[in-house]
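Everything on this sheet refers to the single structure shown next.
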Amino acid sequence: MLDPLTSRGLHRCFSALKIQQASVLAEKNKLTLTWNDGHQSQFDPVHLRAWCTCPKCQHSTGQRLVNISDIAEKPAISDVTVTPNGLSIQWGVDDKSNEPHKSDYEFAYIRSLCHSNYTTGNTANLPTPSIKPVDKIDHSEILNDKGMYKMLYTIMEHGYALVSNVPCENGQVKTFAERIAPISHQFLYGSVFDVIAEHDPVNIAYTSERLKLHLDLAYYESPPGLQFLHAYRFDPTVAGGESTFRDTFDAANTLRQRFPHHFETLTRVPATFEKIHLDRASP
């Protein structure tokens with residue numbers, strides 16, 4: 001049975017829905033949609049702009065290409081039109097890209113973006129973020145239990161660890177991981193997989209596109225506790241490949257302090273992540 005919060009469930013539930021009226025409240029910078037079932041949705045334009053599904057904003061794998069930080073803080077709607085299949089929005093000139101943009105949303109999709117009816121009232125308590133620098137651990141150190149403990153303690157304190165001078169040999173990352181615990185979540189990608197650019201990728205990770213900050217496998221009910229990335233090449237011919245890490249507890253705490261209203265929304269609005277690819281051997 002499909003989760004009613006997934007997009008497929010939403011398409012099934014909302015297939016008969018149509019937008020009766022769309023209006024823009026300029027003074028509040030909000031878009032209001034009135035539906036044929038009496039429901040009213042109110043959107044912040046930045047939310048809709050970030051979830052545009054055009055080829056410039058969404059990869060063929062279904063994953064986003066646009067970062068919220070790459071669009072205007074308050075994108076202006078110059079025109080909005082209800083079409084036979086959904087809603088069309090013409091955006092004003094973006095003050096960052098200096099280009100106009102058009103977004104088309106199907107009825108079911110834009111309804112799925114509406115969170116007006118969610119009020120679960122959940123709260124969140126955050127730990128104090130760590131600001132200590134993270135030192136690299138040499139691979140030779142973790143060959144014994146004392147060094148392995150040092151690495152695991154670093155992960156517990158900072159959320160990640162950096163191990164240098166790992167031999168560039170096949171199987172090293174698997175051997176490394178199995179010293180800690182059995183490998184889980186093997187059904188979709190296998191125990192070890194290579195992140196390389198492919199001609200016809202099923203995931204944006206297998207392209208040369210820049211990946212924004214993200215959490216891997218968020219669509220699992222229980223995502224992996226630890227993930228291991230083994231970089232094979234560092235020579236001057238390699239372009240890109242840098243990894244960026246963000247303390248999400250610190251980010252959440254900053255959001256709570258600077259924008260308490262938006263933080264409160266995160267604590268009460270359910271967020272659904274999904275992975276639907278029926279052509280895979282293990283979808």
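Every chain in the structure tokens has a letter given in the order shown (A, B, ...), and although residue numbers restart at 1 in each chain, ligands are simply numbered from 1 in the order shown.
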Practice problem: Enumerate the residues of region 20-60 of chain A with a DSSP assignment of alpha helix (DSSP H), computed from the backbone, and present them as an NGL selection string. | Solution: :A and (45-50)
For those residues, write C-alpha atoms to a file as a PDB file, in the first residue's frame.
ATOM      1  CA  PRO A  45       6.977  32.257  -3.354  1.00  0.00           C
ATOM      2  CA  VAL A  46      10.460  31.104  -2.350  1.00  0.00           C
ATOM      3  CA  HIS A  47       8.986  27.685  -1.499  1.00  0.00           C
ATOM      4  CA  LEU A  48       7.404  27.318  -4.938  1.00  0.00           C
ATOM      5  CA  ARG A  49      10.446  28.686  -6.746  1.00  0.00           C
ATOM      6  CA  ALA A  50      12.705  26.187  -4.965  1.00  0.00           C
TER       7      ALA A  50
END
DSSP strand (DSSP E or B) residues within region 98-260 of chain A, as a compact mmCIF listing (two decimals) with N, CA and C atoms, in the first residue's frame:
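Final output, saved to states.txt:
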# COMPACT_ATOMS: atom_id res chain seq x y z
N HIS A 101 12.20 33.63 -15.11
CA HIS A 101 12.05 32.17 -15.03
C HIS A 101 10.57 31.83 -15.04
N LYS A 102 10.24 30.68 -15.62
CA LYS A 102 8.86 30.21 -15.67
C LYS A 102 8.78 28.82 -15.05
N SER A 103 7.77 28.62 -14.22
CA SER A 103 7.55 27.33 -13.56
C SER A 103 6.14 26.84 -13.84
N ASP A 104 6.02 25.56 -14.17
CA ASP A 104 4.72 24.93 -14.39
C ASP A 104 4.54 23.79 -13.39
N TYR A 105 3.40 23.78 -12.71
CA TYR A 105 3.13 22.78 -11.69
C TYR A 105 1.82 22.07 -12.00
N GLU A 106 1.83 20.75 -11.97
CA GLU A 106 0.58 20.01 -12.11
C GLU A 106 -0.25 20.18 -10.84
N LYS A 136 42.55 15.13 11.45
CA LYS A 136 42.61 13.91 10.66
C LYS A 136 43.25 12.78 11.47
N ILE A 137 42.81 11.57 11.19
CA ILE A 137 43.36 10.39 11.84
C ILE A 137 44.04 9.55 10.76
N ASP A 138 45.28 9.20 10.96
CA ASP A 138 45.99 8.40 9.96
C ASP A 138 45.48 6.97 9.96
N LEU A 162 37.72 12.23 9.67
CA LEU A 162 38.54 12.23 8.45
C LEU A 162 39.72 11.29 8.66
N VAL A 163 39.83 10.29 7.81
CA VAL A 163 40.92 9.31 7.90
C VAL A 163 41.81 9.48 6.67
N SER A 164 43.08 9.73 6.87
CA SER A 164 44.01 9.96 5.77
C SER A 164 44.85 8.73 5.49
Quiz item: Of the residues A:Lys174, A:His115, A:His185, A:His214, which is the one nearest to Leu229 (chain A), using only C-alpha atoms?
Solution: A:Lys174
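With only C-alpha atoms as the atoms that count, the residue of A:Val195, A:Leu255, A:Ala231, A:Val82 with the shortest distance to Val173 (chain A) is A:Ala231.
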Practice problem: Name the residues in contact with Pro182 (chain A) at a cut-off of 12 Å, using only C-alpha atoms, excluding same-chain residues fewer than 4 positions from it; report them as an MDAnalysis selection string. | Solution: chainID A and resid 174:178 186 191 224:226
Just-selected residues, N, CA and C atoms written as an mmCIF file, in the first residue's frame:
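Ended up saving to selection_37.cif:
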data_model
loop_
_atom_site.group_PDB
_atom_site.id
_atom_site.type_symbol
_atom_site.label_atom_id
_atom_site.label_comp_id
_atom_site.auth_asym_id
_atom_site.auth_seq_id
_atom_site.Cartn_x
_atom_site.Cartn_y
_atom_site.Cartn_z
ATOM 1 N N LYS A 174 35.096 -1.491 2.506
ATOM 2 C CA LYS A 174 34.237 -2.547 3.060
ATOM 3 C C LYS A 174 34.898 -3.182 4.284
ATOM 4 N N THR A 175 36.183 -3.476 4.160
ATOM 5 C CA THR A 175 36.923 -4.044 5.294
ATOM 6 C C THR A 175 36.921 -3.084 6.474
ATOM 7 N N PHE A 176 37.101 -1.816 6.159
ATOM 8 C CA PHE A 176 37.118 -0.772 7.180
ATOM 9 C C PHE A 176 35.781 -0.733 7.920
ATOM 10 N N ALA A 177 34.684 -0.718 7.169
ATOM 11 C CA ALA A 177 33.354 -0.613 7.770
ATOM 12 C C ALA A 177 33.010 -1.839 8.604
ATOM 13 N N GLU A 178 33.382 -3.017 8.122
ATOM 14 C CA GLU A 178 33.014 -4.249 8.820
ATOM 15 C C GLU A 178 33.785 -4.443 10.119
ATOM 16 N N GLN A 186 21.802 -2.822 2.117
ATOM 17 C CA GLN A 186 22.474 -3.277 0.903
ATOM 18 C C GLN A 186 21.523 -3.497 -0.268
ATOM 19 N N SER A 191 26.520 -3.494 -1.015
ATOM 20 C CA SER A 191 27.326 -3.151 0.158
ATOM 21 C C SER A 191 28.320 -2.040 -0.151
ATOM 22 N N PRO A 224 20.966 4.815 7.403
ATOM 23 C CA PRO A 224 22.190 4.237 7.965
ATOM 24 C C PRO A 224 22.772 5.120 9.064
ATOM 25 N N GLY A 225 23.318 4.476 10.075
ATOM 26 C CA GLY A 225 23.928 5.238 11.158
ATOM 27 C C GLY A 225 25.265 5.829 10.766
ATOM 28 N N LEU A 226 26.038 5.103 9.946
ATOM 29 C CA LEU A 226 27.341 5.573 9.482
ATOM 30 C C LEU A 226 27.461 5.318 7.985
#
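When CA of Val134 (chain A) is paired with CA of Ala161 (chain A), their separation reads 7.2 Å.
Using only C-alpha atoms, the shortest contact distance between Ser222 (chain A) and any of A:Gln172, A:Ser184, A:Tyr153, A:Trp51 is found at A:Ser184.
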Quiz item: Near Cys168 (chain A), within 7 Å and counting only C-alpha atoms, which residues show up once chain neighbours fewer than 2 positions away are dropped, as a VMD selection string?
Solution: chain A and resid 166 170 232
Quiz prompt | Nearest to Lys30 (chain A) by atom-to-atom distance, counting only C-alpha atoms, from A:Pro75, A:Gly92, A:Pro236, A:Pro55 | solution = A:Pro75
Quiz item: Interatomic distance between CA of Glu198 (chain A) and CA of Tyr219 (chain A)?
Solution: 23.0 Å
Quiz prompt | All residues 8 Å or closer to Thr34 (chain A), only C-alpha atoms, same chain fewer than 4 positions away omitted, as a count of residues only | solution = 8
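Closest approach to Thr32 (chain A) from the set A:His158, A:His59, A:Arg111, A:Lys212 is made by A:Arg111, with distances taken over only C-alpha atoms.
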